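The block underneath contains the structure these notes are about, expressed in structure tokens.
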Amino acid sequence: MGNIFDRPLIGVVMCRNRIKGHLSQTLQEKYLDAVLHAGGLPVPLPHALAEPELLTTLLPQLDGIMLPGSPSNVQPHLYGENGDEPDADPGRDTLSMALIESALERRIPLFAICRGLQELVVATGGTLYRRLFEQPELLEHREDPELPLAQQYAPSHEVQVQPGGLISRLVPGCNRFWVNSLHGQGVRTLGPRLRVEARSTDGLVEAVSVEDHPFALAVQWHPEWKSDEYALSRLLFEGFITACRGYRAELRPPA
């Protein structure tokens, strides 16, 4: 394994939950494991780090940022809609939006998954479908919560990779593949900084990247699920960690 501190440091945003009455911040092990398997060192980021002084101190220490999935949804007012989400996590919204702004400004590698994709879309001026299942032209993208986890995370629909993008470089020669699908919201519109990386067969955007950034990729599916067992997932995470190593070498070149 070598010196663990030679690994790039990846900040991973936490989610707020209530556990036995106590407000808690948690992070599922599958995200931590995926970063470790790809050669990174994950560091959970609590919501208090959104405070400007703390964020300014933190950012120079990070070599990459990951925005994981979550049961919660982005607050609608952030993309111009009224009402509330019953499972909102405003602390995560605040931290994620601040981290995205900083990652784009400082060119820090960024990998966003599921809710993370939706955060990146909103942060760059896009909008979301709040309830995909109300769109008759779209597939059912939600999982069946009654099924065992292995079945919930099994591949459920195909995506088509757009040529010339980041995913086509990370997964050369593969323009179609199957992914899992566990989301109730999705991309309605994109802001000008994002390019489409992949779509599902119903036309829904399934992956995006930031055009003027060395590595800022977001996917709607969950590649962290048993990432070491699936070639596609390994390639995505390895590409992210390679970008983080490059950023670290540029920021802190060896003596």
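Residue numbering restarts at 1 for every chain of the structure tokens, chains are lettered A, B, ... in their displayed order, and ligands are numbered from 1 as they appear.
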
Residues near A:Asp63, cut-off 9 Å, only C-alpha atoms, skip fewer than 2 positions along chain, as an mmCIF file with N, CA and C atoms, in the first residue's frame:
data_model
loop_
_atom_site.group_PDB
_atom_site.id
_atom_site.type_symbol
_atom_site.label_atom_id
_atom_site.label_comp_id
_atom_site.auth_asym_id
_atom_site.auth_seq_id
_atom_site.Cartn_x
_atom_site.Cartn_y
_atom_site.Cartn_z
ATOM 1 N N PRO A 8 -3.560 11.088 -2.581
ATOM 2 C CA PRO A 8 -4.260 12.379 -2.624
ATOM 3 C C PRO A 8 -5.392 12.418 -1.613
ATOM 4 N N LEU A 9 -5.570 13.573 -1.013
ATOM 5 C CA LEU A 9 -6.567 13.769 0.036
ATOM 6 C C LEU A 9 -7.890 14.199 -0.615
ATOM 7 N N ILE A 10 -8.939 13.395 -0.422
ATOM 8 C CA ILE A 10 -10.229 13.632 -1.069
ATOM 9 C C ILE A 10 -11.265 14.007 -0.023
ATOM 10 N N GLY A 11 -11.759 15.235 -0.074
ATOM 11 C CA GLY A 11 -12.829 15.646 0.827
ATOM 12 C C GLY A 11 -14.162 15.110 0.346
ATOM 13 N N LEU A 59 -9.382 24.284 2.037
ATOM 14 C CA LEU A 59 -9.210 24.011 0.609
ATOM 15 C C LEU A 59 -7.765 23.756 0.180
ATOM 16 N N PRO A 60 -6.783 24.477 0.693
ATOM 17 C CA PRO A 60 -5.412 24.186 0.262
ATOM 18 C C PRO A 60 -4.913 22.799 0.671
ATOM 19 N N GLN A 61 -5.614 22.147 1.583
ATOM 20 C CA GLN A 61 -5.205 20.815 2.029
ATOM 21 C C GLN A 61 -5.801 19.699 1.167
ATOM 22 N N ILE A 65 -12.415 16.694 -4.467
ATOM 23 C CA ILE A 65 -13.683 16.810 -3.737
ATOM 24 C C ILE A 65 -14.673 15.820 -4.338
ATOM 25 N N ILE A 108 -9.893 22.444 -8.728
ATOM 26 C CA ILE A 108 -9.740 21.227 -7.939
ATOM 27 C C ILE A 108 -10.558 20.116 -8.586
ATOM 28 N N PRO A 109 -10.005 18.916 -8.778
ATOM 29 C CA PRO A 109 -10.801 17.811 -9.326
ATOM 30 C C PRO A 109 -12.051 17.551 -8.487
ATOM 31 N N ILE A 241 -8.997 9.915 -9.330
ATOM 32 C CA ILE A 241 -7.834 9.932 -8.447
ATOM 33 C C ILE A 241 -6.569 10.325 -9.222
ATOM 34 N N ALA A 243 -6.499 12.444 -11.677
ATOM 35 C CA ALA A 243 -6.604 13.906 -11.766
ATOM 36 C C ALA A 243 -6.213 14.556 -10.445
ATOM 37 N N CYS A 244 -6.608 13.941 -9.329
ATOM 38 C CA CYS A 244 -6.256 14.479 -8.006
ATOM 39 C C CYS A 244 -4.751 14.422 -7.778
ATOM 40 N N ARG A 245 -4.119 13.348 -8.220
ATOM 41 C CA ARG A 245 -2.657 13.254 -8.099
ATOM 42 C C ARG A 245 -1.982 14.359 -8.915
ATOM 43 N N GLY A 246 -2.491 14.591 -10.119
ATOM 44 C CA GLY A 246 -1.928 15.637 -10.948
ATOM 45 C C GLY A 246 -2.086 17.012 -10.324
ATOM 46 N N TYR A 247 -3.259 17.261 -9.749
ATOM 47 C CA TYR A 247 -3.505 18.546 -9.078
ATOM 48 C C TYR A 247 -2.563 18.702 -7.885
ATOM 49 N N ARG A 248 -2.374 17.612 -7.117
ATOM 50 C CA ARG A 248 -1.505 17.669 -5.955
ATOM 51 C C ARG A 248 -0.048 17.954 -6.377
ATOM 52 N N LEU A 251 0.223 21.548 -7.310
ATOM 53 C CA LEU A 251 0.068 22.469 -6.168
ATOM 54 C C LEU A 251 1.222 22.359 -5.191
#

Do a neighbour search on A:Glu29 at 10 Å with only C-alpha atoms, toss out local chain neighbours closer than 4 positions, and write the hits as a JSON list (two decimals) with C-alpha atoms, in the first residue's frame.
[["chain", "number", "residue", "atom", "x", "y", "z"],
["A", 33, "ASP", "CA", -14.21, 2.36, 0.17],
["A", 34, "ALA", "CA", -14.45, 3.45, -3.48],
["A", 224, "GLU", "CA", -19.40, 3.60, -5.78],
["A", 225, "TRP", "CA", -21.51, 0.45, -5.30]]

>> Among stretch 10-173 of chain A, which residues does DSSP mark as strand (DSSP E or B) when it is run on the backbone? Keep the chain and numbering as in the structure and answer as a ChimeraX atom specification.
In response: /A:10-13,15-19,22-26,41-45,64-67,110-113,127-129,157-161

Set the distance at 8 Å and use only C-alpha atoms: which residues neighbour A:Pro90 once local chain neighbours fewer than 4 positions away are removed? I'd like the list as a PDB file with N, CA, C and O atoms, in the first residue's frame.
ATOM      1  N   VAL A  74     -31.953  18.497  -3.112  1.00  0.00           N
ATOM      2  CA  VAL A  74     -31.591  19.916  -3.115  1.00  0.00           C
ATOM      3  C   VAL A  74     -32.846  20.756  -2.883  1.00  0.00           C
ATOM      4  O   VAL A  74     -33.918  20.466  -3.428  1.00  0.00           O
ATOM      5  N   GLN A  75     -32.724  21.805  -2.074  1.00  0.00           N
ATOM      6  CA  GLN A  75     -33.869  22.673  -1.797  1.00  0.00           C
ATOM      7  C   GLN A  75     -34.331  23.383  -3.075  1.00  0.00           C
ATOM      8  O   GLN A  75     -33.514  23.950  -3.814  1.00  0.00           O
ATOM      9  N   THR A  94     -25.565  24.045   1.534  1.00  0.00           N
ATOM     10  CA  THR A  94     -24.666  25.180   1.715  1.00  0.00           C
ATOM     11  C   THR A  94     -23.217  24.783   1.497  1.00  0.00           C
ATOM     12  O   THR A  94     -22.463  25.466   0.780  1.00  0.00           O
TER      13      THR A  94
END

Please tabulate, as JSON lines, the residues of stretch 107-166 of chain A that come within 7 Å of stretch 209-218 of chain A, each with its closest pair of atoms and the distance in Å to one decimal, counting only C-alpha atoms and ordering rows by chain, then residue number upward.
{"residue": "A:Arg107", "atom": "CA", "partner": "A:His213", "partner_atom": "CA", "distance": 6.2}
{"residue": "A:Pro109", "atom": "CA", "partner": "A:Phe215", "partner_atom": "CA", "distance": 5.0}
{"residue": "A:Leu110", "atom": "CA", "partner": "A:Ala216", "partner_atom": "CA", "distance": 4.5}
{"residue": "A:Phe111", "atom": "CA", "partner": "A:Leu217", "partner_atom": "CA", "distance": 5.1}
{"residue": "A:Ala112", "atom": "CA", "partner": "A:Ala218", "partner_atom": "CA", "distance": 4.3}
{"residue": "A:Ile113", "atom": "CA", "partner": "A:Ala218", "partner_atom": "CA", "distance": 5.7}
{"residue": "A:Gly116", "atom": "CA", "partner": "A:Ala218", "partner_atom": "CA", "distance": 6.9}
{"residue": "A:Leu117", "atom": "CA", "partner": "A:Ala218", "partner_atom": "CA", "distance": 4.8}
